[in-house]
file model.cif (mmCIF, C-alpha atoms and all ligand atoms)
data_my_file
loop_
_atom_site.label_atom_id
_atom_site.label_comp_id
_atom_site.auth_asym_id
_atom_site.auth_seq_id
_atom_site.Cartn_x
_atom_site.Cartn_y
_atom_site.Cartn_z
CA MET A 160 0.00 0.00 0.00
CA HIS A 161 1.33 3.43 -0.92
CA THR A 162 1.45 6.41 1.32
CA TYR A 163 0.58 9.68 -0.33
CA GLU A 164 1.71 11.83 2.62
CA ASP A 165 4.80 13.33 1.00
CA LEU A 166 2.85 14.11 -2.17
CA LYS A 167 0.28 16.29 -0.44
CA SER A 168 2.52 19.34 -0.14
CA ILE A 169 3.68 19.22 -3.76
CA LYS A 170 2.74 22.07 -6.07
CA TYR A 171 3.49 20.60 -9.52
CA LEU A 172 2.95 16.89 -9.96
CA GLY A 173 3.57 14.89 -13.15
CA ILE A 174 1.50 11.86 -14.06
CA MET A 175 2.77 9.36 -16.61
CA GLY A 176 0.19 6.79 -17.60
CA GLY A 177 0.80 3.90 -19.94
CA THR A 178 0.50 0.21 -20.54
CA PHE A 179 4.28 -0.11 -20.22
CA ASP A 180 4.36 -3.50 -21.92
CA PRO A 181 7.31 -3.10 -21.44
CA ILE A 182 8.56 0.27 -20.18
CA HIS A 183 11.39 1.66 -22.36
CA PHE A 184 13.68 4.69 -22.64
CA GLY A 185 11.09 6.63 -24.66
CA HIS A 186 8.82 6.70 -21.58
CA LEU A 187 11.67 7.57 -19.26
CA VAL A 188 13.05 10.40 -21.37
CA ALA A 189 9.55 11.88 -21.78
CA ALA A 190 9.01 11.83 -18.01
CA GLU A 191 12.43 13.24 -17.21
CA THR A 192 12.27 16.01 -19.81
CA ALA A 193 8.79 17.00 -18.60
CA ARG A 194 9.97 16.96 -14.98
CA VAL A 195 12.71 19.46 -15.70
CA ALA A 196 10.77 21.66 -18.14
CA PHE A 197 7.71 22.03 -15.91
CA ASN A 198 9.41 22.01 -12.53
CA LEU A 199 7.60 18.86 -11.47
CA GLU A 200 8.60 17.75 -8.00
CA LYS A 201 7.56 14.17 -8.64
CA VAL A 202 6.37 12.15 -11.60
CA LEU A 203 3.94 9.36 -10.81
CA PHE A 204 4.07 6.36 -13.12
CA ILE A 205 0.67 4.72 -13.24
CA PRO A 206 0.58 1.45 -15.17
CA THR A 207 -2.80 0.65 -16.67
CA GLY A 208 -4.60 -2.27 -15.08
CA GLN A 209 -6.69 -3.36 -18.03
CA PRO A 210 -6.13 -1.07 -21.02
CA PRO A 211 -9.50 -0.38 -22.70
CA HIS A 212 -7.92 0.31 -26.10
CA LYS A 213 -5.37 -2.46 -26.55
CA VAL A 214 -7.23 -5.31 -28.14
CA ASP A 215 -4.68 -6.24 -30.80
CA HIS A 216 -2.39 -8.31 -28.61
CA LYS A 217 -2.39 -10.14 -25.32
CA VAL A 218 -1.17 -7.68 -22.70
CA THR A 219 1.35 -8.93 -20.14
CA GLY A 220 0.01 -9.41 -16.60
CA ALA A 221 -0.61 -6.13 -14.81
CA TRP A 222 1.66 -6.84 -11.85
CA GLU A 223 4.47 -7.98 -14.12
CA ARG A 224 4.28 -4.72 -16.06
CA TYR A 225 4.19 -2.94 -12.69
CA GLU A 226 7.33 -4.79 -11.62
CA MET A 227 9.15 -3.70 -14.78
CA VAL A 228 8.22 -0.03 -14.23
CA LYS A 229 9.35 -0.30 -10.62
CA MET A 230 12.74 -1.64 -11.69
CA ALA A 231 13.13 1.00 -14.38
CA ILE A 232 12.58 3.95 -12.03
CA GLU A 233 14.17 2.70 -8.83
CA ALA A 234 17.27 4.87 -9.22
CA ASN A 235 15.32 8.12 -9.62
CA ASP A 236 14.03 9.75 -6.42
CA SER A 237 11.72 12.02 -8.39
CA PHE A 238 9.87 9.10 -9.93
CA ARG A 239 7.24 7.09 -8.10
CA ILE A 240 5.01 4.20 -9.09
CA LEU A 241 1.36 3.90 -8.11
CA SER A 242 -0.76 0.78 -8.39
CA LEU A 243 -4.20 2.36 -8.14
CA GLU A 244 -5.27 1.28 -11.63
CA LEU A 245 -4.22 -2.28 -10.87
CA GLU A 246 -6.30 -2.37 -7.74
CA ARG A 247 -9.48 -1.24 -9.49
CA GLU A 248 -11.76 -3.77 -11.14
CA GLY A 249 -12.53 -3.56 -14.86
CA PRO A 250 -10.98 -1.46 -17.62
CA SER A 251 -8.77 1.45 -16.55
CA TYR A 252 -10.16 4.82 -17.57
CA THR A 253 -7.92 7.83 -17.06
CA ILE A 254 -10.83 9.95 -15.88
CA ASP A 255 -11.48 7.54 -12.97
CA THR A 256 -7.81 7.58 -12.03
CA LEU A 257 -7.64 11.37 -12.06
CA ARG A 258 -10.76 11.65 -9.94
CA GLU A 259 -9.39 9.17 -7.44
CA LEU A 260 -6.05 10.98 -7.28
CA ARG A 261 -7.75 14.36 -6.93
CA GLY A 262 -9.70 12.98 -3.98
CA ILE A 263 -6.45 12.03 -2.24
CA LEU A 264 -4.39 15.02 -3.41
CA PRO A 265 -6.58 18.12 -3.57
CA ASP A 266 -3.76 20.66 -3.90
CA PRO A 267 -1.12 19.87 -6.54
CA ASP A 268 -1.43 21.05 -10.13
CA PHE A 269 -1.54 17.87 -12.20
CA TYR A 270 0.43 17.57 -15.43
CA PHE A 271 -0.51 14.49 -17.40
CA ILE A 272 2.41 13.51 -19.63
CA THR A 273 1.58 11.87 -22.95
CA GLY A 274 3.23 11.25 -26.27
CA ALA A 275 1.73 13.01 -29.27
CA ASP A 276 0.00 9.76 -30.35
CA ALA A 277 -1.65 9.26 -26.97
CA LEU A 278 -2.89 12.85 -26.81
CA ARG A 279 -4.55 12.41 -30.18
CA SER A 280 -6.39 9.32 -29.00
CA MET A 281 -7.13 10.98 -25.67
CA LEU A 282 -9.46 13.34 -27.48
CA GLY A 283 -11.57 10.23 -28.08
CA TRP A 284 -11.29 8.81 -24.56
CA ARG A 285 -14.04 8.77 -22.01
CA GLU A 286 -14.98 12.30 -20.86
CA PRO A 287 -12.10 14.30 -22.39
CA GLU A 288 -13.50 17.64 -21.15
CA GLU A 289 -13.48 16.32 -17.60
CA ILE A 290 -9.92 15.05 -18.01
CA ILE A 291 -8.77 18.47 -19.18
CA LYS A 292 -10.49 20.14 -16.24
CA LEU A 293 -8.67 17.91 -13.77
CA THR A 294 -5.22 18.04 -15.30
CA LYS A 295 -3.05 20.04 -17.63
CA VAL A 296 -1.57 17.92 -20.38
CA ILE A 297 1.98 17.82 -21.69
CA SER A 298 2.30 16.47 -25.19
CA ALA A 299 5.80 15.14 -25.77
CA SER A 300 7.10 14.89 -29.33
CA ARG A 301 7.34 11.38 -30.68
CA PRO A 302 8.85 10.33 -34.00
CA GLY A 303 6.11 9.65 -36.54
CA TYR A 304 3.45 11.79 -34.83
CA PRO A 305 3.85 15.44 -35.90
CA LEU A 306 2.89 17.78 -33.07
CA GLN A 307 1.91 20.58 -35.42
CA ASP A 308 -0.87 18.55 -37.07
CA LEU A 309 -2.16 17.59 -33.67
CA PHE A 310 -2.26 21.15 -32.39
CA ASP A 311 -4.00 22.28 -35.58
CA LEU A 312 -6.62 19.63 -34.87
CA ILE A 313 -6.99 20.81 -31.27
CA ASP A 314 -7.36 24.43 -32.40
CA ARG A 315 -10.06 23.40 -34.85
CA SER A 316 -12.03 20.90 -32.81
CA VAL A 317 -11.52 21.75 -29.12
CA PRO A 318 -10.09 25.31 -28.92
CA GLN A 319 -11.35 25.58 -25.34
CA PHE A 320 -8.67 22.99 -24.34
CA ARG A 321 -5.81 24.88 -25.92
CA ASP A 322 -4.50 26.74 -22.88
CA ARG A 323 -4.38 23.52 -20.83
CA ILE A 324 -2.26 21.55 -23.32
CA PHE A 325 1.48 22.14 -23.75
CA GLN A 326 3.90 20.96 -26.40
CA LEU A 327 7.21 19.56 -25.26
CA LYS A 328 10.13 18.75 -27.55
CA ILE A 329 12.08 15.80 -26.19
CA PRO A 330 15.11 13.94 -27.56
CA ALA A 331 13.62 11.79 -30.30
CA LEU A 332 13.63 8.07 -29.59
CA ALA A 333 11.85 5.95 -32.14
CA ILE A 334 11.23 3.23 -29.57
CA SER A 335 7.88 1.60 -28.91
CA SER A 336 6.80 -1.28 -26.71
CA THR A 337 5.33 -2.91 -29.82
CA ASP A 338 8.74 -2.86 -31.48
CA ILE A 339 10.40 -4.27 -28.38
CA ARG A 340 7.90 -7.13 -28.18
CA THR A 341 8.50 -7.91 -31.86
CA ARG A 342 12.25 -7.86 -31.38
CA VAL A 343 12.07 -10.29 -28.50
CA LYS A 344 9.82 -12.59 -30.48
CA GLU A 345 12.25 -12.51 -33.38
CA GLY A 346 15.28 -13.00 -31.17
CA LEU A 347 16.73 -9.53 -31.87
CA SER A 348 18.60 -7.44 -29.31
CA ILE A 349 16.72 -4.96 -27.12
CA ARG A 350 19.83 -3.79 -25.34
CA TYR A 351 20.07 0.05 -25.08
CA LEU A 352 16.34 0.38 -25.78
CA ILE A 353 15.25 -0.41 -22.23
CA PRO A 354 17.02 -0.49 -18.86
CA ASP A 355 19.23 -3.55 -18.37
CA ASN A 356 17.40 -4.79 -15.29
CA VAL A 357 14.11 -4.77 -17.22
CA LYS A 358 15.76 -6.54 -20.14
CA ASN A 359 17.04 -9.25 -17.81
CA TYR A 360 13.62 -9.67 -16.17
CA ILE A 361 11.97 -10.10 -19.60
CA LYS A 362 14.50 -12.76 -20.48
CA GLU A 363 14.15 -14.54 -17.16
CA ARG A 364 10.35 -14.61 -17.38
CA GLY A 365 10.27 -15.48 -21.07
CA PHE A 366 7.94 -12.60 -21.96
CA TYR A 367 7.01 -11.87 -25.60
CA ARG A 368 8.67 -14.93 -27.07
CA ASN A 369 5.44 -16.60 -28.16
CA LEU A 370 3.16 -13.71 -29.08
P1 LIG B 1 2.64 0.24 -27.56
O1 LIG B 1 3.50 0.13 -28.77
O2 LIG B 1 2.32 -1.07 -26.91
O3 LIG B 1 1.42 1.12 -27.74
P2 LIG B 1 4.11 2.46 -26.44
O4 LIG B 1 5.56 2.43 -26.73
O5 LIG B 1 3.26 3.37 -27.26
O6 LIG B 1 3.56 0.97 -26.46
P3 LIG B 1 2.53 3.07 -24.14
O7 LIG B 1 2.60 2.35 -22.85
O8 LIG B 1 1.40 2.83 -25.06
O9 LIG B 1 3.93 2.78 -24.91
O10 LIG B 1 2.69 4.65 -23.93
C1 LIG B 1 2.60 5.32 -22.71
C2 LIG B 1 2.84 6.81 -22.97
O11 LIG B 1 4.19 7.05 -23.37
C3 LIG B 1 1.99 7.36 -24.11
O12 LIG B 1 1.59 8.67 -23.76
C4 LIG B 1 2.94 7.39 -25.27
O13 LIG B 1 2.58 8.34 -26.25
C5 LIG B 1 4.26 7.76 -24.59
N1 LIG B 1 5.43 7.26 -25.35
C6 LIG B 1 5.74 5.99 -25.60
N2 LIG B 1 6.88 5.89 -26.32
C7 LIG B 1 7.31 7.16 -26.53
C8 LIG B 1 8.44 7.72 -27.25
N3 LIG B 1 9.32 6.93 -27.86
N4 LIG B 1 8.55 9.07 -27.26
C9 LIG B 1 7.64 9.85 -26.65
N5 LIG B 1 6.55 9.38 -25.96
C10 LIG B 1 6.38 8.06 -25.91
MG MG B 2 1.15 3.19 -27.25
#
call {"tool": "encode", "arguments": {"input": "model.cif", "output": "structure tokens"}}
result
Amino acid sequence: MHTYEDLKSIKYLGIMGGTFDPIHFGHLVAAETARVAFNLEKVLFIPTGQPPHKVDHKVTGAWERYEMVKMAIEANDSFRILSLELEREGPSYTIDTLRELRGILPDPDFYFITGADALRSMLGWREPEEIIKLTKVISASRPGYPLQDLFDLIDRSVPQFRDRIFQLKIPALAISSTDIRTRVKEGLSIRYLIPDNVKNYIKERGFYRNL
């Protein structure tokens, strides 16, 4: 069980949601760059329990994905992992998570960190207006997902969100969990794409070999 005590006095809090199947350096560099650029005192990594949108492949067990995130961030005091989505029944909706967090932490300004692809799909998530009311959103650049097109779309379709959404240029890493899973399946190296301890855990547990 997590204690939220030390988070209550924070002013700027980052939230990094994802399936993290597995976590990789693209996630970590997005979180770290956002932390520095927006003065975030902590970034909370919140692995999805049951992702509502990933139906194309069998997702690795929630607690195993949690374990990989935990290993990946253990050396960074500014990063924290929360299991609240894993403890909830049913599909994980971001709006439910934000409401739950807001109930526990009434004071901090929330900054939800996403890649440009995730922000685009977020506009189609459950209750996007409510999400934007509860949290500001940082849209990190991601190779293959031009930020400009996305912000044009936001200006056209939801201009009222515009002052709550920020663009963030981060060092470009064309890494995705999908690509990592494929590499493992095909016996290719994933070294330098994800932290070594996570790589070793994947090997030890035999993840992704028989997708
Ligand atoms: P998958 O291929 O399974 O969808 P993914 O690499 O996209 O995995 P997710 O867990 O879906 O990882 O993403 C979590 C968040 O991290 C999303 O907001 C996503 O846009 C962002 N993200 C993932 N990879 C990168 C990257 N290389 N650069 C910037 N943002 C990224
Ligand atoms: Mg993704």
call {"tool": "residues_around", "arguments": {"input": "model.cif", "residues": "Ala299 (chain A)", "least_positions_apart": "2", "cutoff": "9 Å", "atoms": "only C-alpha atoms", "output": "list of chain:residue names"}}
result
A:Ala189, A:Thr192, A:Ala193, A:Ile272, A:Thr273, A:Gly274, A:Ala275, A:Ile297, A:Arg301, A:Leu306, A:Phe325, A:Gln326, A:Leu327, A:Lys328, A:Ile329
call {"tool": "atom_distance", "arguments": {"input": "model.cif", "atom1": "CA of Gly208 (chain A)", "atom2": "atom O10 of ligand LIG 1 (chain B)"}}
result
13.4 Å
call {"tool": "closest_atom_pairs", "arguments": {"input": "model.cif", "of": "chain A", "to": "ligand LIG 1 (chain B)", "cutoff": "9 Å", "atoms": "all atoms listed in the file", "output": "tab-separated table"}}
result
residue	atom	partner	partner_atom	distance
A:Met175	CA	B:LIG1	C2	6.9
A:Gly176	CA	B:LIG1	C1	5.8
A:Gly177	CA	B:LIG1	C1	3.6
A:Thr178	CA	B:LIG1	O7	3.8
A:Phe179	CA	B:LIG1	O7	4.0
A:Asp180	CA	B:LIG1	O2	5.9
A:Pro181	CA	B:LIG1	O7	7.3
A:Ile182	CA	B:LIG1	O7	6.9
A:His183	CA	B:LIG1	O4	7.3
A:Phe184	CA	B:LIG1	N3	7.2
A:Gly185	CA	B:LIG1	N3	3.7
A:His186	CA	B:LIG1	O11	5.0
A:Leu187	CA	B:LIG1	C7	8.5
A:Val188	CA	B:LIG1	N4	7.5
A:Ala189	CA	B:LIG1	C9	5.6
A:Ala190	CA	B:LIG1	O11	8.6
A:Pro206	CA	B:LIG1	O7	8.0
A:Thr207	CA	B:LIG1	O7	8.4
A:Lys213	CA	B:LIG1	O3	7.8
A:His216	CA	B:LIG1	O2	8.8
A:Val218	CA	B:LIG1	O2	8.6
A:Phe271	CA	B:LIG1	O12	8.9
A:Ile272	CA	B:LIG1	O12	6.4
A:Thr273	CA	B:LIG1	O12	3.3
A:Gly274	CA	B:LIG1	O13	3.0
A:Ala275	CA	B:LIG1	O13	5.6
A:Asp276	CA	B:LIG1	O13	5.0
A:Ala277	CA	B:LIG1	O13	4.4
A:Leu278	CA	B:LIG1	O12	6.8
A:Ser298	CA	B:LIG1	O12	8.0
A:Ala299	CA	B:LIG1	C9	5.7
A:Ser300	CA	B:LIG1	C9	5.7
A:Arg301	CA	B:LIG1	N4	4.3
A:Pro302	CA	B:LIG1	N4	6.9
A:Ile329	CA	B:LIG1	C9	7.4
A:Pro330	CA	B:LIG1	N4	8.2
A:Ala331	CA	B:LIG1	N4	6.5
A:Leu332	CA	B:LIG1	N3	4.8
A:Ala333	CA	B:LIG1	N3	5.1
A:Ile334	CA	B:LIG1	N3	4.5
A:Ser335	CA	B:LIG1	O4	3.3
A:Ser336	CA	B:LIG1	O4	3.9
A:Thr337	CA	B:LIG1	O1	3.7
A:Asp338	CA	B:LIG1	O1	6.6
A:Ile339	CA	B:LIG1	O1	8.2
A:Arg340	CA	B:LIG1	O2	8.3
call {"tool": "closest_residue", "arguments": {"input": "model.cif", "among": "A:Val317, A:Leu312, A:Met227, A:Val195", "to": "Phe366 (chain A)", "atoms": "all atoms listed in the file"}}
result
A:Met227
call {"tool": "closest_residue", "arguments": {"input": "model.cif", "among": "A:Glu200, A:Asp255, A:Glu248, A:Asp355", "to": "Ala231 (chain A)", "atoms": "all atoms listed in the file"}}
result
A:Asp355
call {"tool": "residues_near_point", "arguments": {"input": "model.cif", "point": "(12.6, -11.4, -22.5)", "cutoff": "10 Å", "atoms": "only C-alpha atoms", "output": "list of chain:residue names"}}
result
A:Pro181, A:Ile339, A:Arg340, A:Arg342, A:Val343, A:Lys344, A:Gly346, A:Ser348, A:Ile349, A:Val357, A:Lys358, A:Asn359, A:Tyr360, A:Ile361, A:Lys362, A:Glu363, A:Arg364, A:Gly365, A:Phe366, A:Tyr367, A:Arg368
call {"tool": "closest_residue", "arguments": {"input": "model.cif", "among": "A:Thr294, A:Pro210, A:Val228, A:Leu243", "to": "ligand MG 2 (chain B)", "atoms": "all atoms listed in the file"}}
result
A:Pro210
call {"tool": "atom_distance", "arguments": {"input": "model.cif", "atom1": "CA of Gln307 (chain A)", "atom2": "CA of Arg279 (chain A)"}}
result
11.7 Å
